[in-house]
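upload_11.txt, holding compact mmCIF, C-alpha atoms:
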```txt
# COMPACT_ATOMS: atom_id res chain seq x y z
CA MET A 180 111.51 65.69 125.90
CA LEU A 181 114.75 66.68 124.16
CA THR A 182 117.29 64.28 122.72
CA LYS A 183 120.93 64.33 123.79
CA GLU A 184 121.79 65.70 120.35
CA GLU A 185 119.27 68.55 120.69
CA ILE A 186 120.63 69.52 124.11
CA GLU A 187 124.19 69.48 122.78
CA PHE A 188 123.20 71.65 119.80
CA LEU A 189 121.49 74.18 122.09
CA ASP A 190 124.52 74.31 124.35
CA THR A 191 126.98 74.68 121.46
CA TYR A 192 125.15 77.13 119.21
CA GLY A 193 122.85 78.91 121.65
CA TYR A 194 119.58 78.14 119.85
CA LEU A 195 117.45 75.16 118.84
CA ASN A 196 114.60 74.64 116.37
CA LEU A 197 111.91 72.61 118.16
CA GLY A 198 109.90 72.23 114.96
CA GLN A 199 106.19 72.91 114.45
CA LEU A 200 104.63 72.46 117.88
CA LEU A 201 101.35 74.10 116.85
CA THR A 202 98.83 73.02 114.23
CA ALA A 203 97.47 75.39 111.60
CA GLU A 204 94.21 75.57 113.58
CA GLN A 205 96.04 76.51 116.78
CA VAL A 206 97.96 79.21 114.92
CA LYS A 207 94.67 80.63 113.62
CA GLN A 208 93.09 80.58 117.08
CA VAL A 209 96.00 82.52 118.56
CA ASN A 210 96.12 85.02 115.70
CA ASP A 211 92.36 85.60 116.03
CA ARG A 212 92.76 86.25 119.76
CA ILE A 213 95.70 88.59 119.09
CA ASP A 214 93.55 90.56 116.65
CA GLU A 215 90.83 90.88 119.29
CA LEU A 216 93.30 92.12 121.89
CA MET A 217 94.98 94.60 119.55
CA GLN A 218 91.58 96.07 118.72
CA ALA A 219 90.41 96.13 122.34
CA GLU A 220 93.60 97.61 123.81
CA GLY A 221 94.30 100.08 121.00
CA GLU A 222 96.83 102.72 122.00
CA ASN A 223 97.25 101.02 125.39
CA ALA A 224 98.45 97.74 123.86
CA GLY A 225 101.51 96.57 125.75
CA ALA A 226 100.99 99.05 128.58
CA GLU A 227 102.14 96.50 131.15
CA LEU A 228 105.63 96.68 129.62
CA ALA A 229 105.91 100.37 130.48
CA GLU A 230 104.99 99.63 134.11
CA SER A 231 107.99 97.33 134.50
CA LYS A 232 111.36 98.67 135.58
CA TYR A 233 113.01 95.54 134.20
CA ILE A 234 112.22 96.13 130.52
CA ARG A 235 114.68 98.44 128.81
CA HIS A 236 112.60 99.26 125.73
CA PRO A 237 108.89 99.02 126.67
CA LYS A 238 107.69 100.96 123.61
CA GLU A 239 109.15 99.95 120.26
CA GLU A 240 108.38 102.27 117.36
CA GLY A 241 108.68 99.59 114.69
CA ALA A 242 106.56 96.86 116.25
CA ASP A 243 103.12 96.13 117.65
CA ARG A 244 103.30 94.83 121.20
CA LEU A 245 101.04 93.05 123.69
CA ALA A 246 101.98 91.96 127.20
CA ASN A 247 100.68 89.89 130.12
CA LEU A 248 99.25 87.26 127.79
CA VAL A 249 99.22 84.85 130.74
CA ASN A 250 95.96 86.47 131.83
CA LYS A 251 94.40 87.08 128.41
CA GLY A 252 92.99 83.68 127.58
CA PRO A 253 93.59 79.93 127.91
CA VAL A 254 94.81 79.86 124.31
CA PHE A 255 98.11 81.25 125.67
CA ASP A 256 98.69 78.59 128.36
CA VAL A 257 100.71 76.35 126.04
CA PHE A 258 103.44 78.97 125.68
CA TYR A 259 104.80 78.44 129.16
CA THR A 260 103.76 74.83 129.79
CA HIS A 261 104.74 72.90 126.65
CA PRO A 262 107.06 70.04 127.73
CA ARG A 263 109.58 70.47 124.91
CA VAL A 264 109.90 74.17 125.57
CA LEU A 265 110.35 73.63 129.30
CA ALA A 266 112.96 70.96 128.58
CA GLY A 267 114.89 73.49 126.50
CA ILE A 268 114.62 76.17 129.19
CA GLU A 269 115.82 73.69 131.79
CA ALA A 270 118.77 72.71 129.61
CA VAL A 271 119.94 76.33 129.73
CA LEU A 272 118.86 77.53 133.19
CA GLY A 273 118.69 74.33 135.22
CA GLN A 274 115.66 73.30 137.24
CA GLU A 275 115.28 76.57 139.16
CA TYR A 276 113.57 78.83 136.62
CA LYS A 277 110.32 80.76 136.20
CA LEU A 278 108.45 82.63 133.50
CA SER A 279 109.58 86.23 133.29
CA SER A 280 107.12 87.50 130.67
CA LEU A 281 104.80 86.35 127.90
CA ASN A 282 104.59 89.03 125.21
CA TYR A 283 103.59 89.51 121.57
CA ARG A 284 105.79 91.31 119.05
CA ALA A 285 104.94 91.98 115.42
CA ALA A 286 107.43 93.76 113.18
CA LYS A 287 105.60 96.38 111.14
CA PRO A 288 106.12 96.77 107.37
CA ASN A 289 109.47 98.44 106.57
CA GLN A 290 110.35 98.47 110.27
CA GLY A 291 111.41 96.08 113.04
CA LEU A 292 115.20 96.31 112.82
CA GLN A 293 116.90 95.90 116.19
CA LYS A 294 120.50 96.14 117.26
CA LEU A 295 122.21 92.86 117.94
CA HIS A 296 121.87 92.56 121.70
CA VAL A 297 121.64 90.17 124.63
CA ASP A 298 118.85 90.06 127.21
CA TRP A 299 121.17 90.37 130.17
CA LYS A 300 123.20 93.27 131.52
CA ASN A 301 126.57 91.64 130.94
CA THR A 302 128.26 88.55 129.55
CA VAL A 303 128.11 85.17 131.20
CA VAL A 304 130.98 82.86 130.39
CA ASN A 305 131.25 79.14 131.18
CA GLY A 306 127.67 78.64 132.26
CA GLY A 307 125.70 80.42 134.92
CA TYR A 308 123.09 81.58 132.43
CA LYS A 309 120.31 83.78 133.77
CA VAL A 310 117.80 84.14 130.92
CA CYS A 311 116.40 81.99 128.11
CA ASN A 312 113.75 82.76 125.51
CA SER A 313 111.41 80.90 123.22
CA ILE A 314 110.01 82.47 120.07
CA TRP A 315 106.76 81.13 118.63
CA LEU A 316 106.15 81.90 114.97
CA PHE A 317 102.69 83.09 113.96
CA ASP A 318 103.60 83.81 110.38
CA ASP A 319 106.07 81.99 108.19
CA PHE A 320 109.46 83.54 108.98
CA THR A 321 111.21 84.40 105.71
CA ALA A 322 114.33 86.26 104.61
CA GLN A 323 112.10 89.23 103.70
CA ASN A 324 109.66 89.71 106.59
CA GLY A 325 111.87 90.68 109.52
CA SER A 326 112.84 87.25 110.80
CA THR A 327 115.03 87.10 113.90
CA ARG A 328 118.80 86.92 113.47
CA ILE A 329 121.14 85.07 115.82
CA VAL A 330 124.93 84.86 116.00
CA PRO A 331 125.61 81.18 116.82
CA LYS A 332 128.01 80.47 119.71
CA SER A 333 128.01 84.13 120.81
CA HIS A 334 126.53 83.20 124.21
CA LYS A 335 129.98 81.90 125.12
CA LEU A 336 131.81 85.11 124.18
CA SER A 337 133.27 87.46 126.78
CA SER A 338 132.14 90.57 124.89
CA LEU A 339 128.89 92.25 123.92
CA PRO A 340 127.84 93.52 120.47
CA ASP A 341 128.09 97.19 121.48
CA GLU A 342 131.66 96.62 122.62
CA VAL A 343 133.06 95.04 119.47
CA MET A 344 130.84 96.12 116.56
CA ALA A 345 131.08 99.56 114.96
CA ASP A 346 127.32 99.41 114.44
CA PRO A 347 125.24 96.60 116.01
CA LEU A 348 122.44 97.43 113.58
CA GLU A 349 124.59 96.15 110.74
CA LYS A 350 124.69 92.52 109.61
CA HIS A 351 127.15 90.31 111.49
CA PRO A 352 129.27 88.04 109.26
CA ASP A 353 128.33 84.96 111.31
CA GLU A 354 124.62 85.64 111.86
CA ILE A 355 121.94 83.20 110.79
CA ARG A 356 118.25 83.86 110.33
CA ILE A 357 115.32 81.99 111.83
CA ILE A 358 113.54 80.77 108.69
CA ALA A 359 110.64 78.42 109.40
CA PRO A 360 106.88 77.98 108.92
CA ALA A 361 104.19 79.35 111.21
CA GLY A 362 103.63 77.14 114.25
CA SER A 363 107.35 76.55 114.71
CA VAL A 364 109.12 77.28 117.99
CA PHE A 365 112.76 78.16 118.61
CA ILE A 366 114.55 78.16 121.94
CA PHE A 367 117.47 80.51 122.29
CA ASN A 368 119.81 81.20 125.16
CA SER A 369 119.15 84.90 125.74
CA HIS A 370 122.85 85.54 126.23
CA VAL A 371 123.31 84.82 122.52
CA TRP A 372 123.56 87.89 120.29
CA HIS A 373 120.22 88.35 118.51
CA GLY A 374 117.81 90.91 117.11
CA GLY A 375 114.93 91.55 114.75
CA THR A 376 115.53 92.46 111.12
CA THR A 377 113.67 94.82 108.80
CA ASN A 378 110.29 93.60 107.61
CA GLN A 379 110.44 94.29 103.87
CA THR A 380 106.86 93.15 103.18
CA ASP A 381 103.50 94.93 103.42
CA LYS A 382 102.21 92.78 106.31
CA VAL A 383 103.15 92.53 109.99
CA ARG A 384 105.36 89.61 111.02
CA ARG A 385 103.88 88.08 114.18
CA SER A 386 105.50 86.20 117.05
CA ILE A 387 105.09 85.48 120.75
CA HIS A 388 107.98 85.30 123.20
CA SER A 389 107.79 83.22 126.35
CA TYR A 390 110.80 84.51 128.22
CA PHE A 391 112.21 82.73 131.28
CA CYS A 392 114.72 83.66 133.96
CA SER A 393 116.50 81.89 136.78
CA ARG A 394 114.41 81.57 139.91
CA GLU A 395 116.22 84.25 141.93
CA GLN A 396 115.86 86.96 139.26
CA PRO A 397 113.03 89.54 139.17
CA GLN A 398 110.46 88.95 136.44
CA GLN A 399 109.98 91.43 133.60
CA ILE A 400 106.27 91.24 134.32
CA ASP A 401 105.47 90.72 138.01
CA GLN A 402 103.21 87.69 137.69
CA LYS A 403 101.93 88.04 141.26
CA LYS A 404 100.74 91.57 140.47
CA TYR A 405 98.71 90.58 137.43
CA ILE A 406 97.55 87.01 138.09
CA THR A 407 93.77 86.61 138.07
CA ASP A 408 91.79 84.05 140.04
CA GLU A 409 90.57 82.55 136.79
CA THR A 410 94.11 82.02 135.48
CA SER A 411 95.40 80.71 138.79
CA GLN A 412 92.67 78.08 139.06
CA ARG A 413 92.93 77.07 135.40
CA ILE A 414 96.68 76.44 135.22
CA GLY A 415 96.97 74.31 138.36
CA GLU A 416 99.86 73.82 140.73
CA LYS A 417 102.51 73.27 138.05
CA GLY A 418 101.48 76.40 136.16
CA ARG A 419 101.52 78.49 139.34
CA HIS A 420 105.02 77.20 140.12
CA ILE A 421 106.27 78.22 136.66
CA LEU A 422 104.77 81.67 137.16
CA ASP A 423 106.07 81.84 140.75
CA VAL A 424 102.68 82.93 142.09
```
Let me see the file written as structure tokens.
Amino acid sequence: MLTKEEIEFLDTYGYLNLGQLLTAEQVKQVNDRIDELMQAEGENAGAELAESKYIRHPKEEGADRLANLVNKGPVFDVFYTHPRVLAGIEAVLGQEYKLSSLNYRAAKPNQGLQKLHVDWKNTVVNGGYKVCNSIWLFDDFTAQNGSTRIVPKSHKLSSLPDEVMADPLEKHPDEIRIIAPAGSVFIFNSHVWHGGTTNQTDKVRRSIHSYFCSREQPQQIDQKKYITDETSQRIGEKGRHILDV
């Protein structure tokens, strides 16, 4: 599902643009469902994140969050079953991987800035990667609306942002921004330095993260705890294997 050149780019730079994997209609369907969930869950939106001991920042002041999307409608199944995404995850983690969490994050107006960080407790040099993420764009990502920043090749460094930067909130001289239209999907090795930027517009900037880990690692969201009979039957044997349920 990925070309040799795409796999080499992902390995070298730590991220890969998979292009627009969703149609405009699919984007609308997901955004409509997100709106329903945000309204229904209200102040409890993203509560599953707080129940996990494997998520360092369950409540983020500058962003709307939703969690456990695996069990919140078939419209979300594609996020952890799309062949090109799974090919990218496998290129980073090998064949023994599973979904860790499927969450929604929307940077609020004038907010959303994150420190440059990695999604693992320490550096991993020369392979042995433990975590890999995909970010699905549900608005056009622009230079103004809080698009994600990435420092290419930083997944191969032996240091972390907090160790070498005076202020990881500041711009890194080598960082690039994910700029792409809604419906696009990016894979990034979660050991690469990355973070959200400030949304300088008057609208939220929406995205969904399907986050994977190596098979032996604990999941951010315990899929066995939350899986419903309806979801389990719908996704079939392959889906259950990806969720490790």
Determine, for each residue of region 192-289 of chain A having at least one atom at most 8 Å from an atom of region 325-341 of chain A, the closest pair of atoms and their separation in Å to one decimal, counting all atoms listed in the file; order by chain and ascending number, as a tab-separated table.
```
residue	atom	partner	partner_atom	distance
A:Tyr192	CA	A:Lys332	CA	4.4
A:Gly193	CA	A:Lys332	CA	5.7
A:Tyr194	CA	A:Pro331	CA	7.4
A:Ala286	CA	A:Gly325	CA	6.5
```
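Within 12 Å of Glu239 (chain A), once all atoms listed in the file are used and residues closer than 2 positions along the same chain are dropped, the contacting residues are Ala224, Gly225, Ala226, Leu228, Ala229, Ile234, Arg235, His236, Pro237, Gly241, Ala242, Asp243, Arg244, Leu245, Tyr283, Arg284, Ala285, Ala286, Lys287, Gln290, Gly291, Leu292, Gln293 and Gly375 of chain A.
Distance check against Glu416 (chain A) using only C-alpha atoms: of A:Asn289, A:Thr202, A:Asn223, A:Thr260, the minimum falls on A:Thr260.
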**Study point:** One-decimal distance in Å that lies between CA of Lys403 (chain A) and CA of His373 (chain A)
**Key:** 29.2 Å
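Going from CA of Gly307 (chain A) over to CA of Ile421 (chain A), you cover 19.6 Å.
Checking A:Glu269, A:Arg385, A:Thr321, A:Lys277 one by one against Met180 (chain A), counting only C-alpha atoms, you find the shortest gap at A:Glu269.
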Review point. Taking all atoms listed in the file into account, which of A:Gly415, A:Asn250, A:Pro288, A:Ile357 comes nearest Asn378 (chain A)?
Key: A:Pro288
Study note, to complete from the structure: Residue with the minimum atom-to-atom distance to Gln379 (chain A), picked from A:Val364, A:Thr407, A:Leu348, A:Asn324 with only C-alpha atoms counted, is A:Asn324
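Each of A:Ser313, A:Gln399, A:Asn210, A:Ser389 was compared to Gly267 (chain A) using all atoms listed in the file, and A:Ser313 turns out to be the nearest.
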Incomplete region 328-339 of chain A filled out to all heavy atoms as a PDB file, in the frame of the given file:
```
ATOM      1  N   ARG A 328     117.430  87.350 113.772  1.00  0.00           N
ATOM      2  CA  ARG A 328     118.800  86.920 113.470  1.00  0.00           C
ATOM      3  C   ARG A 328     119.502  86.531 114.769  1.00  0.00           C
ATOM      4  O   ARG A 328     119.234  87.109 115.837  1.00  0.00           O
ATOM      5  CB  ARG A 328     119.576  88.013 112.743  1.00  0.00           C
ATOM      6  CG  ARG A 328     119.637  89.352 113.481  1.00  0.00           C
ATOM      7  CD  ARG A 328     120.338  90.399 112.642  1.00  0.00           C
ATOM      8  NE  ARG A 328     120.326  91.707 113.300  1.00  0.00           N
ATOM      9  CZ  ARG A 328     121.331  92.584 113.226  1.00  0.00           C
ATOM     10  NH1 ARG A 328     122.437  92.271 112.553  1.00  0.00           N
ATOM     11  NH2 ARG A 328     121.242  93.760 113.823  1.00  0.00           N
ATOM     12  N   ILE A 329     120.384  85.575 114.673  1.00  0.00           N
ATOM     13  CA  ILE A 329     121.140  85.070 115.820  1.00  0.00           C
ATOM     14  C   ILE A 329     122.586  84.853 115.382  1.00  0.00           C
ATOM     15  O   ILE A 329     122.843  84.405 114.262  1.00  0.00           O
ATOM     16  CB  ILE A 329     120.530  83.743 116.320  1.00  0.00           C
ATOM     17  CG1 ILE A 329     119.199  83.990 117.037  1.00  0.00           C
ATOM     18  CG2 ILE A 329     121.484  83.000 117.246  1.00  0.00           C
ATOM     19  CD1 ILE A 329     118.469  82.730 117.451  1.00  0.00           C
ATOM     20  N   VAL A 330     123.511  85.156 116.254  1.00  0.00           N
ATOM     21  CA  VAL A 330     124.930  84.860 116.000  1.00  0.00           C
ATOM     22  C   VAL A 330     125.282  83.601 116.788  1.00  0.00           C
ATOM     23  O   VAL A 330     125.442  83.653 118.014  1.00  0.00           O
ATOM     24  CB  VAL A 330     125.843  86.027 116.412  1.00  0.00           C
ATOM     25  CG1 VAL A 330     127.309  85.680 116.132  1.00  0.00           C
ATOM     26  CG2 VAL A 330     125.448  87.310 115.669  1.00  0.00           C
ATOM     27  N   PRO A 331     125.347  82.442 116.117  1.00  0.00           N
ATOM     28  CA  PRO A 331     125.610  81.180 116.820  1.00  0.00           C
ATOM     29  C   PRO A 331     126.912  81.243 117.636  1.00  0.00           C
ATOM     30  O   PRO A 331     127.892  81.876 117.241  1.00  0.00           O
ATOM     31  CB  PRO A 331     125.722  80.163 115.677  1.00  0.00           C
ATOM     32  CG  PRO A 331     124.948  80.762 114.556  1.00  0.00           C
ATOM     33  CD  PRO A 331     125.178  82.246 114.667  1.00  0.00           C
ATOM     34  N   LYS A 332     126.870  80.612 118.779  1.00  0.00           N
ATOM     35  CA  LYS A 332     128.010  80.470 119.710  1.00  0.00           C
ATOM     36  C   LYS A 332     128.350  81.761 120.456  1.00  0.00           C
ATOM     37  O   LYS A 332     129.250  81.753 121.299  1.00  0.00           O
ATOM     38  CB  LYS A 332     129.250  79.947 118.991  1.00  0.00           C
ATOM     39  CG  LYS A 332     129.062  78.584 118.321  1.00  0.00           C
ATOM     40  CD  LYS A 332     130.368  78.090 117.717  1.00  0.00           C
ATOM     41  CE  LYS A 332     130.209  76.713 117.076  1.00  0.00           C
ATOM     42  NZ  LYS A 332     131.479  76.200 116.501  1.00  0.00           N
ATOM     43  N   SER A 333     127.645  82.857 120.185  1.00  0.00           N
ATOM     44  CA  SER A 333     128.010  84.130 120.810  1.00  0.00           C
ATOM     45  C   SER A 333     127.670  84.187 122.293  1.00  0.00           C
ATOM     46  O   SER A 333     128.151  85.068 123.006  1.00  0.00           O
ATOM     47  CB  SER A 333     127.339  85.295 120.074  1.00  0.00           C
ATOM     48  OG  SER A 333     125.935  85.117 120.004  1.00  0.00           O
ATOM     49  N   HIS A 334     126.844  83.227 122.784  1.00  0.00           N
ATOM     50  CA  HIS A 334     126.530  83.200 124.210  1.00  0.00           C
ATOM     51  C   HIS A 334     127.729  82.810 125.050  1.00  0.00           C
ATOM     52  O   HIS A 334     127.730  82.981 126.266  1.00  0.00           O
ATOM     53  CB  HIS A 334     125.374  82.240 124.490  1.00  0.00           C
ATOM     54  CG  HIS A 334     125.615  80.838 124.057  1.00  0.00           C
ATOM     55  ND1 HIS A 334     125.956  80.497 122.761  1.00  0.00           N
ATOM     56  CD2 HIS A 334     125.573  79.663 124.748  1.00  0.00           C
ATOM     57  CE1 HIS A 334     126.108  79.181 122.682  1.00  0.00           C
ATOM     58  NE2 HIS A 334     125.873  78.662 123.869  1.00  0.00           N
ATOM     59  N   LYS A 335     128.770  82.300 124.399  1.00  0.00           N
ATOM     60  CA  LYS A 335     129.980  81.900 125.120  1.00  0.00           C
ATOM     61  C   LYS A 335     131.099  82.936 124.992  1.00  0.00           C
ATOM     62  O   LYS A 335     132.214  82.722 125.477  1.00  0.00           O
ATOM     63  CB  LYS A 335     130.456  80.538 124.601  1.00  0.00           C
ATOM     64  CG  LYS A 335     129.465  79.406 124.895  1.00  0.00           C
ATOM     65  CD  LYS A 335     129.986  78.066 124.416  1.00  0.00           C
ATOM     66  CE  LYS A 335     128.981  76.947 124.667  1.00  0.00           C
ATOM     67  NZ  LYS A 335     128.847  76.612 126.103  1.00  0.00           N
ATOM     68  N   LEU A 336     130.814  84.061 124.334  1.00  0.00           N
ATOM     69  CA  LEU A 336     131.810  85.110 124.180  1.00  0.00           C
ATOM     70  C   LEU A 336     131.929  85.949 125.450  1.00  0.00           C
ATOM     71  O   LEU A 336     130.990  86.032 126.240  1.00  0.00           O
ATOM     72  CB  LEU A 336     131.445  86.019 123.003  1.00  0.00           C
ATOM     73  CG  LEU A 336     131.407  85.370 121.620  1.00  0.00           C
ATOM     74  CD1 LEU A 336     130.946  86.381 120.567  1.00  0.00           C
ATOM     75  CD2 LEU A 336     132.779  84.812 121.252  1.00  0.00           C
ATOM     76  N   SER A 337     133.062  86.598 125.611  1.00  0.00           N
ATOM     77  CA  SER A 337     133.270  87.460 126.780  1.00  0.00           C
ATOM     78  C   SER A 337     133.069  88.929 126.431  1.00  0.00           C
ATOM     79  O   SER A 337     133.512  89.813 127.163  1.00  0.00           O
ATOM     80  CB  SER A 337     134.682  87.248 127.334  1.00  0.00           C
ATOM     81  OG  SER A 337     135.654  87.521 126.331  1.00  0.00           O
ATOM     82  N   SER A 338     132.394  89.193 125.305  1.00  0.00           N
ATOM     83  CA  SER A 338     132.140  90.570 124.890  1.00  0.00           C
ATOM     84  C   SER A 338     130.699  90.702 124.429  1.00  0.00           C
ATOM     85  O   SER A 338     130.021  89.718 124.137  1.00  0.00           O
ATOM     86  CB  SER A 338     133.095  90.967 123.754  1.00  0.00           C
ATOM     87  OG  SER A 338     132.979  90.058 122.671  1.00  0.00           O
ATOM     88  N   LEU A 339     130.245  91.936 124.349  1.00  0.00           N
ATOM     89  CA  LEU A 339     128.890  92.250 123.920  1.00  0.00           C
ATOM     90  C   LEU A 339     128.925  92.954 122.560  1.00  0.00           C
ATOM     91  O   LEU A 339     129.930  93.561 122.199  1.00  0.00           O
ATOM     92  CB  LEU A 339     128.205  93.155 124.952  1.00  0.00           C
ATOM     93  CG  LEU A 339     128.041  92.557 126.355  1.00  0.00           C
ATOM     94  CD1 LEU A 339     127.513  93.611 127.323  1.00  0.00           C
ATOM     95  CD2 LEU A 339     127.101  91.361 126.313  1.00  0.00           C
TER      96      LEU A 339
END
```
